[in-house]
Each structure stands twice: as structure tokens, then as C-alpha cells.
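In what follows, a single structure is set out as C-alpha cells and then discussed.
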Amino acid sequence: MAQVTQPKLAQASFRGVPFTCTAHDLRAGRRIADHVFPQRDLGYHEDMGRSDREVSLTAYLNGDDSDAQRDRLLAAVEAAGPGELFHPWLGRMMVVVRSVTVRESRTQRRHVEVSLTFVEAGSAAVVASLIDTA
């Protein structure tokens with residue numbers, strides 16, 4: 001009989017609240033503005049720059065204090081503004097939380113799964129406008 005190996009848990013944290021995870025998803029690419037025209041079969045696709053990277057992962061909280069760990073992580077993700085994510089594969093990055101889903105089960109006490117989706121935090125660029133007086 002083949003031996004089943006358990007996935008190794010990687011250490012991660014958000015705003016200093018630690019958790020473990022086994023895998024992650026990263027969405028990346030380019031922002032494209034599609035321009036379509038009547039009576040033309042092909043459109044023009046304008047490159048608007050790199051897309052914000054989006055990272056999704058599942059946090060695992062285990063132990064007798066898994067409820068307290070869950071509450072600390074929820075407080076961290078519900079706080080306003082960007083925060084630092086320490087990602088086990090991508091390193092440190094400033095992110096904002098896009099969504100959070102908590103999964104708990106009566107059959108798996110002392111175990112909480114939290115699905116997290118983060119997006120890179122940018123800065124609010126001020127766009128200056130000038131009045132054309134000509």
C-alpha cells in the first residue's frame with residue numbers, strides 16, 4: 001500500500017497575524033482597453049499597463065485556540081487600508097483584502113479554514129489638470 005504524504009504547511013502572516021497554508025493562486029497580466037468599430041472584423045486592443053496582481057490562498061488555523069486565531073485574523077483583514085502580507089513564495093507585499101471566507105465544521109473541531117483574496121496596494125496618484133486658456 002502506498003504511503004500518503006501530507007502537504008507541508010508554509011508559514012505566512014497578514015498584519016503580523018500568523019497562519020499556515022499549503023498552496024496559492026496568483027492572477028497577473030495586462031490591462032487592455034478593447035476598441036471595436038462598425039464594419040471592421042478586428043478591433044484595436046490598447047495596452048493600459050500591468051494589472052494589479054491578485055493573490056488567493058487558504059489559511060489554516062489549528063489548535064485549542066483556533067477561535068482566537070480566527071478572531072485575530074478577521075480583525076486584521078477587516079481593518080481599513082493596506083497591510084503587509086508575508087507570502088511564503090512571493091515574500092513581503094503591501095496588499096488590500098478583496099474577500100474573506102471562513103469555513104468551520106462541527107466534525108473538525110480546533111480547525112478553521114479561511115480563504116483570502118488580496119490585491120496589490122497601489123498609491124492614490126494625484127492627476128493634475130490644467131485649464132486650456134488658448
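All residue names refer to the C-alpha cells as shown: chains lettered A, B, ... in order, residues numbered from 1 in each chain, ligands numbered from 1 in order.
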
Between region 45-125 of chain A and region 6-28 of chain A, at 6 Å or less, what are the per-residue closest atom pairs and their distances in Å? Count only C-alpha atoms, order by chain and rising residue number, and return it as JSON lines.
```
{"residue": "A:Arg53", "atom": "CA", "partner": "A:Ala28", "partner_atom": "CA", "distance": 4.9}
{"residue": "A:Glu54", "atom": "CA", "partner": "A:Arg27", "partner_atom": "CA", "distance": 5.0}
{"residue": "A:Val55", "atom": "CA", "partner": "A:Leu26", "partner_atom": "CA", "distance": 4.7}
{"residue": "A:Ser56", "atom": "CA", "partner": "A:Asp25", "partner_atom": "CA", "distance": 5.0}
{"residue": "A:Leu57", "atom": "CA", "partner": "A:His24", "partner_atom": "CA", "distance": 4.5}
{"residue": "A:Thr58", "atom": "CA", "partner": "A:Cys21", "partner_atom": "CA", "distance": 5.9}
{"residue": "A:Ala59", "atom": "CA", "partner": "A:Cys21", "partner_atom": "CA", "distance": 5.1}
{"residue": "A:Tyr60", "atom": "CA", "partner": "A:Thr20", "partner_atom": "CA", "distance": 5.3}
{"residue": "A:Gly83", "atom": "CA", "partner": "A:Arg15", "partner_atom": "CA", "distance": 5.7}
{"residue": "A:Glu84", "atom": "CA", "partner": "A:Arg15", "partner_atom": "CA", "distance": 5.3}
{"residue": "A:Leu85", "atom": "CA", "partner": "A:Phe14", "partner_atom": "CA", "distance": 4.5}
{"residue": "A:Phe86", "atom": "CA", "partner": "A:Ser13", "partner_atom": "CA", "distance": 5.1}
{"residue": "A:His87", "atom": "CA", "partner": "A:Ala12", "partner_atom": "CA", "distance": 5.4}
{"residue": "A:Pro88", "atom": "CA", "partner": "A:Ala12", "partner_atom": "CA", "distance": 5.7}
```

Which polymer residues have any atom within 8 Å of an atom of Arg110 (chain A), counting only C-alpha atoms, with same-chain residues fewer than 2 positions away left out, as a ChimeraX atom specification?
/A:61-67,108,112

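Coordinates place CA of Met94 (chain A) at a distance of 15.2 Å from CA of Glu78 (chain A).
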
Near Arg30 (chain A), within 10 Å and counting only C-alpha atoms, which residues show up once chain neighbours fewer than 6 positions away are dropped, as an MDAnalysis selection string?
chainID A and resid 47:53
